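Q: Structure file model_12.tsv, TSV, C-alpha atoms, is pasted below:
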chain	number	residue	atom	x	y	z
O	1032	MET	CA	6.33	-14.40	-28.14
O	1033	SER	CA	6.81	-10.73	-28.88
O	1034	GLN	CA	4.59	-7.98	-27.52
O	1035	THR	CA	3.31	-7.28	-31.06
O	1036	ASN	CA	1.77	-10.77	-31.20
O	1037	GLN	CA	0.01	-10.31	-27.88
O	1038	GLN	CA	-3.52	-9.10	-27.24
O	1039	LEU	CA	-5.42	-8.28	-24.08
O	1040	ALA	CA	-8.93	-9.69	-23.81
O	1041	TYR	CA	-11.35	-9.15	-20.96
O	1042	VAL	CA	-14.36	-11.05	-19.70
O	1043	LEU	CA	-16.93	-9.41	-17.42
O	1044	ILE	CA	-18.84	-11.92	-15.30
O	1045	ASN	CA	-22.29	-10.43	-14.87
O	1046	PRO	CA	-23.94	-9.78	-11.47
O	1047	TYR	CA	-26.59	-12.47	-11.99
O	1048	THR	CA	-23.97	-15.07	-12.96
O	1049	ILE	CA	-22.03	-14.28	-9.79
O	1050	HIS	CA	-25.20	-14.27	-7.69
O	1051	LYS	CA	-26.16	-17.75	-8.97
O	1052	SER	CA	-22.66	-19.11	-8.15
O	1053	ARG	CA	-21.85	-19.86	-11.79
O	1054	THR	CA	-18.50	-18.06	-11.55
O	1055	GLY	CA	-16.45	-21.23	-11.17
O	1056	GLY	CA	-18.02	-22.83	-14.24
O	1057	VAL	CA	-17.32	-19.74	-16.31
O	1058	ILE	CA	-13.70	-19.63	-15.17
O	1059	SER	CA	-13.21	-23.32	-15.98
O	1060	ARG	CA	-14.54	-22.79	-19.51
O	1061	LEU	CA	-12.27	-19.80	-20.08
O	1062	PHE	CA	-9.12	-21.59	-18.92
O	1063	THR	CA	-9.74	-24.81	-20.80
O	1064	ARG	CA	-11.15	-23.31	-24.00
O	1065	THR	CA	-8.65	-20.46	-24.51
O	1066	ALA	CA	-5.36	-21.63	-22.90
O	1067	LEU	CA	-4.60	-17.92	-22.35
O	1068	GLU	CA	-2.68	-16.47	-19.42
O	1069	LEU	CA	-4.75	-14.81	-16.73
O	1070	VAL	CA	-2.79	-11.64	-15.99
O	1071	ALA	CA	-5.19	-9.62	-13.82
O	1072	ALA	CA	-8.55	-9.86	-12.10
O	1073	ARG	CA	-10.58	-7.34	-10.14
O	1074	MET	CA	-13.99	-7.08	-8.53
O	1075	PHE	CA	-16.07	-4.03	-9.42
O	1076	ALA	CA	-19.15	-2.41	-7.95
O	1077	PRO	CA	-19.92	-0.17	-10.94
O	1078	SER	CA	-21.18	3.35	-10.42
O	1079	LYS	CA	-23.88	4.82	-12.62
O	1080	ALA	CA	-21.17	6.78	-14.45
O	1081	LEU	CA	-19.18	3.64	-15.29
O	1082	ALA	CA	-22.30	1.75	-16.41
O	1083	GLU	CA	-23.41	4.61	-18.66
O	1084	GLU	CA	-19.98	5.17	-20.20
O	1085	PHE	CA	-19.56	1.45	-20.85
O	1086	ALA	CA	-23.07	1.12	-22.30
O	1087	ALA	CA	-22.37	4.00	-24.68
O	1088	THR	CA	-19.58	1.95	-26.32
O	1089	ILE	CA	-22.02	-0.76	-27.46
O	1090	THR	CA	-22.32	-0.01	-31.17
O	1091	PRO	CA	-25.17	-1.05	-33.50
O	1092	GLY	CA	-24.74	-4.24	-35.49
O	1093	THR	CA	-24.56	-4.58	-39.26
O	1094	ASP	CA	-28.04	-6.05	-39.73
O	1095	ALA	CA	-31.43	-5.83	-38.03
O	1096	THR	CA	-30.89	-8.88	-35.78
O	1097	ASP	CA	-27.47	-7.63	-34.73
O	1098	ARG	CA	-28.81	-4.15	-34.00
O	1099	LYS	CA	-31.55	-5.62	-31.83
O	1100	ILE	CA	-29.07	-7.72	-29.83
O	1101	GLN	CA	-26.76	-4.76	-29.32
O	1102	ASP	CA	-29.72	-2.73	-28.09
O	1103	HIS	CA	-30.53	-5.50	-25.61
O	1104	ILE	CA	-26.93	-5.54	-24.37
O	1105	ARG	CA	-26.84	-1.76	-23.97
O	1106	GLN	CA	-30.09	-1.80	-22.01
O	1107	TYR	CA	-28.90	-4.79	-19.97
O	1108	ILE	CA	-25.79	-2.88	-18.86
O	1109	LEU	CA	-27.81	0.17	-17.84
O	1110	GLU	CA	-30.27	-1.93	-15.83
O	1111	ASN	CA	-27.96	-4.55	-14.32
O	1112	TYR	CA	-24.53	-2.95	-13.95
O	1113	ALA	CA	-25.63	0.39	-12.50
O	1114	PRO	CA	-26.61	0.65	-8.81
O	1115	HIS	CA	-30.11	-0.56	-7.94
O	1116	PRO	CA	-32.52	2.32	-8.75
O	1117	GLN	CA	-34.51	1.94	-5.49
O	1118	THR	CA	-31.91	0.95	-2.90
O	1119	GLY	CA	-28.80	2.45	-4.50
O	1120	ARG	CA	-26.94	-0.74	-3.66
O	1121	ARG	CA	-24.20	-1.59	-6.13
O	1122	ARG	CA	-23.89	-4.95	-7.90
O	1123	ARG	CA	-20.80	-7.16	-8.11
O	1124	VAL	CA	-19.03	-7.59	-11.46
O	1125	MET	CA	-15.83	-9.63	-11.88
O	1126	LEU	CA	-13.36	-8.59	-14.57
O	1127	LEU	CA	-10.88	-11.20	-15.77
O	1128	LEU	CA	-8.03	-10.06	-18.02
O	1129	PHE	CA	-6.28	-12.52	-20.32
O	1130	ARG	CA	-3.20	-12.07	-22.50
O	1131	GLY	CA	-1.95	-14.08	-25.43
O	1132	GLU	CA	-1.91	-14.52	-29.18
O	1133	ASP	CA	-5.34	-13.88	-30.77
O	1134	ALA	CA	-6.69	-13.46	-27.26
O	1135	VAL	CA	-9.79	-11.49	-28.28
O	1136	GLN	CA	-10.91	-14.10	-30.81
O	1137	LYS	CA	-10.20	-17.01	-28.45
O	1138	VAL	CA	-12.20	-15.43	-25.65
O	1139	ARG	CA	-15.01	-14.58	-28.05
O	1140	GLN	CA	-15.21	-18.19	-29.22
O	1141	ALA	CA	-15.29	-19.52	-25.66
O	1142	VAL	CA	-17.99	-17.02	-24.67
O	1143	GLY	CA	-20.12	-17.71	-27.74
O	1144	THR	CA	-22.79	-15.68	-29.47
O	1145	ILE	CA	-26.28	-14.68	-28.36
O	1146	ASP	CA	-28.66	-16.95	-30.22
O	1147	PRO	CA	-32.19	-17.93	-29.13
O	1148	LYS	CA	-31.85	-21.20	-31.05
O	1149	SER	CA	-28.64	-22.30	-29.33
O	1150	VAL	CA	-29.22	-25.35	-27.12
O	1151	SER	CA	-25.92	-27.20	-27.49
O	1152	GLY	CA	-24.16	-25.86	-24.39
O	1153	ASP	CA	-20.88	-25.65	-26.29
O	1154	SER	CA	-20.10	-22.11	-25.09
O	1155	ILE	CA	-20.40	-20.09	-21.89
O	1156	ARG	CA	-23.49	-18.27	-23.11
O	1157	ALA	CA	-25.13	-21.42	-24.45
O	1158	THR	CA	-24.67	-22.97	-20.99
O	1159	TYR	CA	-25.28	-20.08	-18.60
O	1160	GLY	CA	-27.05	-17.43	-20.67
O	1161	ASP	CA	-30.66	-16.99	-21.80
O	1162	TYR	CA	-32.19	-15.20	-24.77
O	1163	ILE	CA	-35.89	-16.03	-24.74
O	1164	LEU	CA	-38.40	-14.65	-27.23
O	1165	ASP	CA	-42.19	-14.88	-27.16
O	1166	GLY	CA	-44.39	-16.14	-29.97
O	1167	GLN	CA	-44.22	-12.78	-31.72
O	1168	GLY	CA	-40.42	-12.68	-31.60
O	1169	GLU	CA	-40.32	-10.09	-28.82
O	1170	LEU	CA	-37.86	-10.37	-25.97
O	1171	LYS	CA	-39.18	-12.10	-22.83
O	1172	TYR	CA	-35.93	-12.62	-20.90
O	1173	PHE	CA	-32.31	-11.75	-21.56
O	1174	GLU	CA	-29.23	-12.80	-19.56
O	1175	PRO	CA	-25.94	-12.92	-21.53
O	1176	ALA	CA	-24.02	-14.43	-18.55
O	1177	VAL	CA	-20.78	-12.61	-19.42
O	1178	LEU	CA	-19.68	-9.73	-21.62
O	1179	CYS	CA	-16.55	-9.52	-23.78
O	1180	ALA	CA	-15.27	-7.47	-26.71
O	1181	PRO	CA	-15.94	-8.71	-30.26
O	1182	THR	CA	-12.90	-6.98	-31.81
O	1183	VAL	CA	-9.40	-5.90	-30.83
O	1184	PRO	CA	-10.17	-2.13	-31.10
O	1185	GLU	CA	-13.28	-2.56	-28.93
O	1186	ALA	CA	-11.29	-4.52	-26.35
O	1187	GLU	CA	-8.85	-1.62	-26.04
O	1188	LEU	CA	-11.61	1.02	-25.88
O	1189	LYS	CA	-13.60	-0.79	-23.20
O	1190	LEU	CA	-10.63	-1.95	-21.16
O	1191	LYS	CA	-9.45	1.64	-20.86
O	1192	ILE	CA	-12.85	2.62	-19.47
O	1193	TRP	CA	-12.80	-0.12	-16.83
O	1194	ALA	CA	-9.19	0.64	-15.94
O	1195	LYS	CA	-10.05	4.33	-15.58
O	1196	TYR	CA	-12.72	3.50	-12.99
O	1197	SER	CA	-10.76	0.67	-11.35
O	1198	ASP	CA	-9.64	2.77	-8.37
O	1199	THR	CA	-13.01	4.32	-7.54
O	1200	ASP	CA	-15.34	1.44	-8.47
O	1201	GLY	CA	-13.13	-1.62	-7.90
O	1202	GLY	CA	-11.16	-3.44	-5.24
O	1203	VAL	CA	-12.35	-5.02	-2.00
O	1204	LEU	CA	-16.15	-4.60	-2.02
O	1205	ASP	CA	-16.89	-4.19	1.68
O	1206	ASN	CA	-20.36	-2.66	1.47
O	1207	VAL	CA	-22.24	-4.30	-1.38
O	1208	ILE	CA	-23.86	-7.27	0.38
O	1209	ALA	CA	-27.00	-6.77	2.48
O	1210	TYR	CA	-27.16	-9.08	5.51
O	1211	PRO	CA	-30.16	-9.68	7.79
O	1212	ASP	CA	-30.25	-7.87	11.12
O	1213	GLY	CA	-28.10	-9.58	13.71
O	1214	VAL	CA	-25.83	-11.29	11.18
O	1215	THR	CA	-22.16	-10.38	11.51
O	1216	PRO	CA	-20.18	-11.34	8.40
O	1217	GLU	CA	-16.54	-12.43	8.41
O	1218	GLN	CA	-13.93	-12.04	5.72
O	1219	THR	CA	-11.41	-14.75	4.89
O	1220	LEU	CA	-8.66	-15.16	2.32
O	1221	VAL	CA	-8.28	-18.02	-0.16
O	1222	LEU	CA	-5.18	-18.50	-2.30
O	1223	LEU	CA	-5.33	-20.68	-5.38
O	1224	LYS	CA	-1.82	-22.13	-5.31
O	1225	PRO	CA	0.66	-22.32	-8.22
O	1226	ASP	CA	-0.08	-25.99	-8.94
O	1227	ASN	CA	-3.41	-24.86	-10.40
O	1228	PHE	CA	-1.70	-22.82	-13.13
O	1229	ARG	CA	1.08	-25.08	-14.40
O	1230	PHE	CA	-0.97	-25.80	-17.50
O	1231	PRO	CA	-4.42	-24.68	-18.68
O	1232	SER	CA	-7.06	-26.65	-16.80
O	1233	GLY	CA	-10.40	-26.34	-15.09
O	1234	ARG	CA	-8.82	-26.59	-11.61
O	1235	PRO	CA	-9.08	-22.88	-10.65
O	1236	GLY	CA	-12.73	-22.79	-11.66
O	1237	ASN	CA	-13.42	-26.13	-9.98
O	1238	ILE	CA	-12.10	-24.78	-6.67
O	1239	VAL	CA	-14.28	-21.67	-6.94
O	1240	ASP	CA	-17.22	-23.90	-7.79
O	1241	LEU	CA	-16.63	-26.16	-4.77
O	1242	ILE	CA	-16.37	-23.13	-2.47
O	1243	SER	CA	-19.68	-21.82	-3.81
O	1244	ARG	CA	-21.47	-24.53	-1.77
O	1245	THR	CA	-20.70	-22.43	1.34
O	1246	GLY	CA	-23.04	-19.65	0.21
O	1247	LEU	CA	-20.32	-17.05	0.80
O	1248	TYR	CA	-19.77	-14.01	-1.40
O	1249	ILE	CA	-16.65	-13.17	-3.42
O	1250	ILE	CA	-15.81	-9.54	-2.65
O	1251	ALA	CA	-12.23	-9.32	-3.99
O	1252	ILE	CA	-9.95	-11.09	-6.45
O	1253	LYS	CA	-6.37	-10.44	-7.49
O	1254	VAL	CA	-3.74	-12.16	-9.62
O	1255	HIS	CA	-0.53	-12.01	-7.59
O	1256	ARG	CA	3.07	-13.15	-7.74
O	1257	MET	CA	4.39	-13.61	-4.23
O	1258	SER	CA	7.92	-12.39	-3.55
O	1259	ILE	CA	10.29	-14.34	-1.30
O	1260	PRO	CA	10.03	-11.74	1.53
O	1261	GLN	CA	6.22	-11.90	1.24
O	1262	ALA	CA	6.24	-15.71	1.39
O	1263	ASN	CA	8.56	-15.67	4.43
O	1264	GLU	CA	6.21	-13.27	6.21
O	1265	PHE	CA	3.03	-15.01	5.06
O	1266	TYR	CA	4.12	-18.46	6.23
O	1267	GLY	CA	6.20	-17.26	9.19
O	1268	PRO	CA	3.83	-18.77	11.80
O	1269	VAL	CA	4.19	-22.16	10.09
O	1270	ARG	CA	7.89	-22.31	10.88
O	1271	GLU	CA	7.45	-23.03	14.60
O	1272	VAL	CA	4.58	-25.42	13.91
O	1273	LEU	CA	6.84	-27.42	11.60
O	1274	ARG	CA	9.59	-27.55	14.24
O	1275	ASP	CA	7.20	-29.16	16.74
O	1276	LYS	CA	5.50	-31.36	14.17
O	1277	LEU	CA	8.69	-32.78	12.68
O	1278	ARG	CA	10.66	-33.33	15.88
O	1279	SER	CA	9.32	-36.84	16.53
O	1280	PRO	CA	9.34	-38.06	12.89
O	1281	ALA	CA	12.90	-36.73	12.45
O	1282	GLY	CA	14.05	-38.57	15.58
O	1283	GLN	CA	12.45	-41.82	14.38
O	1284	ARG	CA	14.06	-41.54	10.95
O	1285	GLY	CA	17.41	-40.68	12.52
O	1286	ARG	CA	17.21	-43.71	14.84
O	1287	THR	CA	16.34	-46.01	11.90
O	1288	ALA	CA	19.24	-44.70	9.80
O	1289	LEU	CA	21.76	-45.05	12.66
O	1290	GLU	CA	20.62	-48.56	13.56
O	1291	LYS	CA	20.95	-49.62	9.93
O	1292	GLU	CA	24.36	-48.02	9.54
O	1293	PHE	CA	25.96	-49.10	12.82
O	1294	GLY	CA	24.03	-52.26	13.63
O	1295	PHE	CA	23.12	-51.45	17.24
O	1296	THR	CA	19.88	-50.41	18.95
O	1297	VAL	CA	19.35	-46.69	19.62
O	1298	PRO	CA	17.55	-46.22	22.98
O	1299	PRO	CA	14.39	-44.02	23.22
O	1300	GLU	CA	16.17	-41.21	25.05
O	1301	ALA	CA	18.74	-40.99	22.25
O	1302	GLU	CA	15.93	-40.93	19.68
O	1303	GLN	CA	14.42	-37.93	21.52
O	1304	GLU	CA	17.76	-36.11	21.43
O	1305	LEU	CA	18.07	-36.85	17.71
O	1306	GLY	CA	14.62	-35.31	17.24
O	1307	LYS	CA	15.70	-32.12	19.01
O	1308	VAL	CA	18.66	-31.79	16.64
O	1309	LEU	CA	17.15	-33.03	13.38
O	1310	GLY	CA	13.60	-31.64	13.81
O	1311	PRO	CA	14.53	-27.97	13.29
O	1312	LEU	CA	16.73	-28.87	10.29
O	1313	ALA	CA	13.91	-30.85	8.65
O	1314	ALA	CA	11.45	-28.06	9.45
O	1315	GLU	CA	13.68	-25.44	7.86
O	1316	GLN	CA	14.10	-27.50	4.71
O	1317	GLN	CA	10.34	-28.02	4.40
O	1318	PHE	CA	9.70	-24.32	5.09
O	1319	GLN	CA	12.11	-23.27	2.34
O	1320	ASN	CA	10.50	-25.76	-0.05
O	1321	LEU	CA	7.14	-24.13	0.70
O	1322	VAL	CA	8.52	-20.63	0.11
O	1323	ASN	CA	10.09	-21.72	-3.19
O	1324	PHE	CA	6.84	-23.36	-4.28
O	1325	MET	CA	4.68	-20.32	-3.52
O	1326	THR	CA	7.03	-17.88	-5.23
O	1327	GLY	CA	7.50	-19.89	-8.41
O	1328	GLU	CA	4.32	-18.98	-10.29
O	1329	ARG	CA	1.32	-16.71	-10.15
O	1330	ILE	CA	-1.44	-17.29	-7.62
O	1331	VAL	CA	-5.00	-16.01	-7.44
O	1332	ALA	CA	-6.14	-14.45	-4.18
O	1333	LEU	CA	-9.85	-14.25	-3.35
O	1334	VAL	CA	-11.65	-12.71	-0.40
O	1335	TYR	CA	-14.89	-14.36	0.67
O	1336	GLN	CA	-17.40	-12.71	2.98
O	1337	GLY	CA	-20.32	-14.01	5.00
O	1338	PRO	CA	-21.31	-15.45	8.37
O	1339	ASP	CA	-18.81	-17.99	9.78
O	1340	ALA	CA	-16.71	-17.55	6.62
O	1341	VAL	CA	-13.43	-18.85	8.07
O	1342	ASN	CA	-14.89	-22.12	9.31
O	1343	LYS	CA	-17.04	-22.72	6.21
O	1344	ILE	CA	-14.08	-22.31	3.85
O	1345	ARG	CA	-11.81	-24.56	5.92
O	1346	GLN	CA	-14.45	-27.28	6.03
O	1347	VAL	CA	-14.86	-27.37	2.26
O	1348	LEU	CA	-11.07	-27.12	1.81
O	1349	GLY	CA	-10.21	-30.05	4.07
O	1350	PRO	CA	-7.08	-30.84	6.16
O	1351	THR	CA	-3.60	-29.84	5.00
O	1352	ASP	CA	-2.78	-33.46	4.18
O	1353	PRO	CA	-5.01	-34.45	1.21
O	1354	SER	CA	-4.82	-38.14	2.21
O	1355	LYS	CA	-6.65	-37.28	5.44
O	1356	ALA	CA	-9.29	-35.07	3.80
O	1357	ALA	CA	-12.88	-36.19	3.44
O	1358	PRO	CA	-14.30	-37.12	0.02
O	1359	GLY	CA	-15.68	-34.10	-1.81
O	1360	THR	CA	-13.32	-31.60	-0.19
O	1361	ILE	CA	-11.03	-29.50	-2.35
O	1362	ARG	CA	-7.79	-31.01	-1.09
O	1363	ARG	CA	-9.06	-34.59	-1.38
O	1364	GLU	CA	-10.22	-33.93	-4.95
O	1365	LEU	CA	-7.32	-31.80	-6.17
O	1366	GLY	CA	-4.46	-31.99	-3.63
O	1367	GLN	CA	-1.25	-34.00	-3.99
O	1368	ASP	CA	0.55	-33.65	-0.65
O	1369	ILE	CA	0.73	-31.29	2.34
O	1370	MET	CA	2.44	-28.59	0.23
O	1371	ILE	CA	0.90	-29.10	-3.21
O	1372	ASN	CA	-2.66	-29.12	-1.91
O	1373	ALA	CA	-4.56	-26.80	-4.28
O	1374	ALA	CA	-5.42	-23.89	-2.00
O	1375	HIS	CA	-4.71	-22.02	1.21
O	1376	ALA	CA	-7.36	-20.56	3.51
O	1377	SER	CA	-6.97	-18.33	6.56
O	1378	ASP	CA	-7.47	-20.05	9.92
O	1379	SER	CA	-8.89	-17.00	11.71
O	1380	THR	CA	-10.24	-13.54	10.94
O	1381	GLU	CA	-7.10	-12.03	12.49
O	1382	ASN	CA	-4.83	-14.08	10.23
O	1383	ALA	CA	-7.05	-13.23	7.28
O	1384	ARG	CA	-6.43	-9.52	7.85
O	1385	ARG	CA	-2.70	-10.14	8.26
O	1386	GLU	CA	-2.49	-12.26	5.11
O	1387	MET	CA	-4.58	-9.84	3.01
O	1388	GLY	CA	-2.13	-7.11	3.94
O	1389	ILE	CA	0.85	-9.21	2.86
O	1390	VAL	CA	-0.56	-10.03	-0.59
O	1391	LYS	CA	-1.81	-6.43	-0.89
O	1392	LEU	CA	-5.43	-7.17	-1.76
O	1393	THR	CA	-6.20	-3.45	-1.99
O	1394	GLU	CA	-3.48	-2.93	-4.62
O	1395	ASN	CA	-4.78	-2.17	-8.11
O	1396	ASN	CA	-2.57	-4.02	-10.60
O	1397	LEU	CA	-5.16	-3.88	-13.39
O	1398	LYS	CA	-4.77	-0.20	-14.23
O	1399	PRO	CA	-0.96	-0.11	-14.57
O	1400	LEU	CA	-1.05	-3.27	-16.69
O	1401	VAL	CA	-3.55	-1.72	-19.11
O	1402	GLU	CA	-1.62	1.57	-19.18
O	1403	LYS	CA	1.67	-0.20	-19.94
O	1404	PHE	CA	0.21	-2.47	-22.61
O	1405	TYR	CA	-1.49	0.37	-24.50
O	1406	ASN	CA	1.18	2.96	-23.66
O	1407	CYS	CA	-1.32	5.42	-22.20
O	1408	LYS	CA	-2.11	7.28	-19.00
O	1409	LEU	CA	-5.62	6.92	-17.62
How would this structure read if it were set down as structure tokens?
A:
Amino acid sequence: MSQTNQQLAYVLINPYTIHKSRTGGVISRLFTRTALELVAARMFAPSKALAEEFAATITPGTDATDRKIQDHIRQYILENYAPHPQTGRRRRVMLLLFRGEDAVQKVRQAVGTIDPKSVSGDSIRATYGDYILDGQGELKYFEPAVLCAPTVPEAELKLKIWAKYSDTDGGVLDNVIAYPDGVTPEQTLVLLKPDNFRFPSGRPGNIVDLISRTGLYIIAIKVHRMSIPQANEFYGPVREVLRDKLRSPAGQRGRTALEKEFGFTVPPEAEQELGKVLGPLAAEQQFQNLVNFMTGERIVALVYQGPDAVNKIRQVLGPTDPSKAAPGTIRRELGQDIMINAAHASDSTENARREMGIVKLTENNLKPLVEKFYNCKL
């Protein structure tokens, strides 16, 4: 498909939607209803300047009802995207960027309109949003769940604003969550593996939804394509583990093959020697298979923060082997084998820091993508 047939379309997941752990459900709807390619994602903690500039782009509608809704959206942005007026604490907003043919229209259809009479749940807003009027037709409560652009020109205008602020107001949001005194939060990394993106499905959103049971906070997200050197470094510690783990199975398989081929019994000490020789070879093959798998497609990296984050994520993820995982865990529900097992999670805070550095969580790949697509400099 040529560049001229492509559009960029964004979705902003609102602070309240994120706070209520509805993020996974929104992501599932977007993937399954649009079949578009997710090309970038970034967490924002909008400044007052970003909120005001974005709100100013909300234009009046063509009729009285439309104008009223646009006024509500403009006021919503000023009140809910800007820092809290009393505490100054910034709110979390997640920007997802999709690319594809008729992307703006497809996203708009999945998001749905703002309609007080909508009860069907056939769109993101009908399911997660609220537009409640009183008996006189005046607004009582308004929560649009997500925001997106209604037209291609508006998508470009608003994306350029968010990209312009993406360095100062986006990235890893270290200081936006208030914890009680005495609580020391941890940060841990989760990778949604390539098997989740082979075809459009609700799997990525389902994983985020399952993790939400931990009560942890998403403070960073990035769409990433892992290079071979990055994969070698990322999984380097696994290499020695595989050598030890596969020594005995390789010796047993070698003994079985030799006994079948030659017709005599291989003694235990010979089986052990076979394991010493064949174990490292089997480990290297499995390691290279893992590297090839992780560098084949895009992945999504997320940073979660909160008390006991590493342990909480690993519990909901389950063991590496999905067949040994407990019911309800991510790998039991969505994993296939020890390599194609839906997601990776750091096993310690030290490894989390190491792994975040390898996948360059602080790198801003949203801004250059927007600049290249629209041929501009922000």
Q: Padding of 4 Å on every side, edges along x, y and z, all listed atoms of stretch 1200-1215 of chain O included: what centre and edge lengths in Å, to one decimal, does that box have, as lines of an AutoDock Vina configuration file?
A:
center_x = -20.7
center_y = -4.9
center_z = 2.6
size_x = 27.1
size_y = 20.7
size_z = 30.2
Q: To one decimal place, how far is atom CA of O:Thr1287 from atom CA of O:Ala1313 in Å?
A: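 Going from atom CA of O:Thr1287 over to atom CA of O:Ala1313, I get 15.7 Å.
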Q: Nearest to O:Pro1211: which of O:Ala1262, O:Glu1328, O:Arg1073, O:Pro1338 is it, counting all atoms listed in the file?
A: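 Comparing O:Ala1262, O:Glu1328, O:Arg1073, O:Pro1338 against O:Pro1211, the winner is O:Pro1338.
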Q: Please determine, counting all atoms listed in the file, which residue among O:Asn1395, O:Ser1377, O:Thr1326, O:Asn1227 has the shortest atom-to-atom distance to O:Lys1253.
A: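 Once distances to O:Lys1253 are computed over all atoms listed in the file, the minimum belongs to O:Asn1395.
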Q: What does the structure give for the distance between atom CA of O:Ile1252 and atom CA of O:Val1334, in Å to one decimal?
A: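 Between these atoms lies a distance of 6.5 Å.
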Q: In terms of the shortest atom-to-atom distance over all atoms listed in the file, which of O:Pro1225, O:Pro1399, O:Pro1114, O:Pro1091 is closest to O:Val1207?
A: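 Residue with the minimum atom-to-atom distance to O:Val1207: O:Pro1114.
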Q: Would you kindly identify which residues have an atom no farther than 12 Å from (-19.3, -2.3, 2.9), using all atoms listed in the file and the file's own coordinates, and write them out as a PDB file with C-alpha atoms, keeping the file's coordinate frame?
A:
ATOM      1  CA  ALA O1076     -19.150  -2.410  -7.950  1.00  0.00           C
ATOM      2  CA  ARG O1120     -26.940  -0.740  -3.660  1.00  0.00           C
ATOM      3  CA  ARG O1121     -24.200  -1.590  -6.130  1.00  0.00           C
ATOM      4  CA  GLY O1202     -11.160  -3.440  -5.240  1.00  0.00           C
ATOM      5  CA  VAL O1203     -12.350  -5.020  -2.000  1.00  0.00           C
ATOM      6  CA  LEU O1204     -16.150  -4.600  -2.020  1.00  0.00           C
ATOM      7  CA  ASP O1205     -16.890  -4.190   1.680  1.00  0.00           C
ATOM      8  CA  ASN O1206     -20.360  -2.660   1.470  1.00  0.00           C
ATOM      9  CA  VAL O1207     -22.240  -4.300  -1.380  1.00  0.00           C
ATOM     10  CA  ILE O1208     -23.860  -7.270   0.380  1.00  0.00           C
ATOM     11  CA  ALA O1209     -27.000  -6.770   2.480  1.00  0.00           C
ATOM     12  CA  TYR O1210     -27.160  -9.080   5.510  1.00  0.00           C
ATOM     13  CA  PRO O1216     -20.180 -11.340   8.400  1.00  0.00           C
ATOM     14  CA  GLU O1217     -16.540 -12.430   8.410  1.00  0.00           C
ATOM     15  CA  GLN O1218     -13.930 -12.040   5.720  1.00  0.00           C
ATOM     16  CA  ILE O1250     -15.810  -9.540  -2.650  1.00  0.00           C
ATOM     17  CA  GLN O1336     -17.400 -12.710   2.980  1.00  0.00           C
ATOM     18  CA  GLY O1337     -20.320 -14.010   5.000  1.00  0.00           C
TER      19      GLY O1337
END
Q: Quick one: everything within 9 Å of O:Gln1261, counting only C-alpha atoms, minus sequence neighbours fewer than 4 positions away in the same chain. Send it as a list in words.
A: Met1257, Phe1265, Tyr1266, Thr1326, Ile1389 and Val1390 of chain O
Q: Go through O:Ser1078, O:Leu1392, O:Ala1176, O:Gln1136 and flag the residue nearest O:Pro1116, using all atoms listed in the file for the distances.
A: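 Closest to O:Pro1116 of all the choices is O:Ser1078.
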Q: Between atom CA of O:Phe1062 and atom CA of O:Asn1237, what distance in Å does the model show, to one decimal?
A: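 That distance, rounded to one decimal, is 10.9 Å.
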Q: Could you tell me which of O:Ala1301, O:Ile1155, O:Val1239, O:Val1221 comes closest to O:Gln1140 if we count all atoms listed in the file?
A: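 Among the listed residues, O:Ile1155 lies closest to O:Gln1140.
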Q: With a cut-off of 12 Å, could you pull out the residues of stretch 1191-1264 of chain O touching stretch 1347-1369 of chain O and give me the nearest pair of atoms for each, distance in Å to one decimal, using only C-alpha atoms, ordered by chain and ascending number, as a Markdown table?
A:
| residue | atom | partner | partner_atom | distance |
| --- | --- | --- | --- | --- |
| O:Val1221 | CA | O:Leu1348 | CA | 9.7 |
| O:Leu1222 | CA | O:Leu1348 | CA | 11.2 |
| O:Leu1223 | CA | O:Ile1361 | CA | 10.9 |
| O:Lys1224 | CA | O:Gly1366 | CA | 10.3 |
| O:Pro1225 | CA | O:Gly1366 | CA | 11.9 |
| O:Asp1226 | CA | O:Gly1366 | CA | 9.1 |
| O:Asn1227 | CA | O:Leu1365 | CA | 9.0 |
| O:Ser1232 | CA | O:Leu1365 | CA | 11.8 |
| O:Gly1233 | CA | O:Leu1365 | CA | 10.9 |
| O:Arg1234 | CA | O:Leu1365 | CA | 7.7 |
| O:Pro1235 | CA | O:Leu1365 | CA | 10.1 |
| O:Gly1236 | CA | O:Ile1361 | CA | 11.6 |
| O:Asn1237 | CA | O:Ile1361 | CA | 8.7 |
| O:Ile1238 | CA | O:Ile1361 | CA | 6.5 |
| O:Val1239 | CA | O:Ile1361 | CA | 9.6 |
| O:Asp1240 | CA | O:Ile1361 | CA | 10.0 |
| O:Leu1241 | CA | O:Ile1361 | CA | 7.0 |
| O:Ile1242 | CA | O:Val1347 | CA | 6.5 |
| O:Ser1243 | CA | O:Val1347 | CA | 9.5 |
| O:Arg1244 | CA | O:Val1347 | CA | 8.2 |
| O:Thr1245 | CA | O:Val1347 | CA | 7.7 |
| O:Gly1246 | CA | O:Val1347 | CA | 11.4 |
| O:Leu1247 | CA | O:Val1347 | CA | 11.8 |
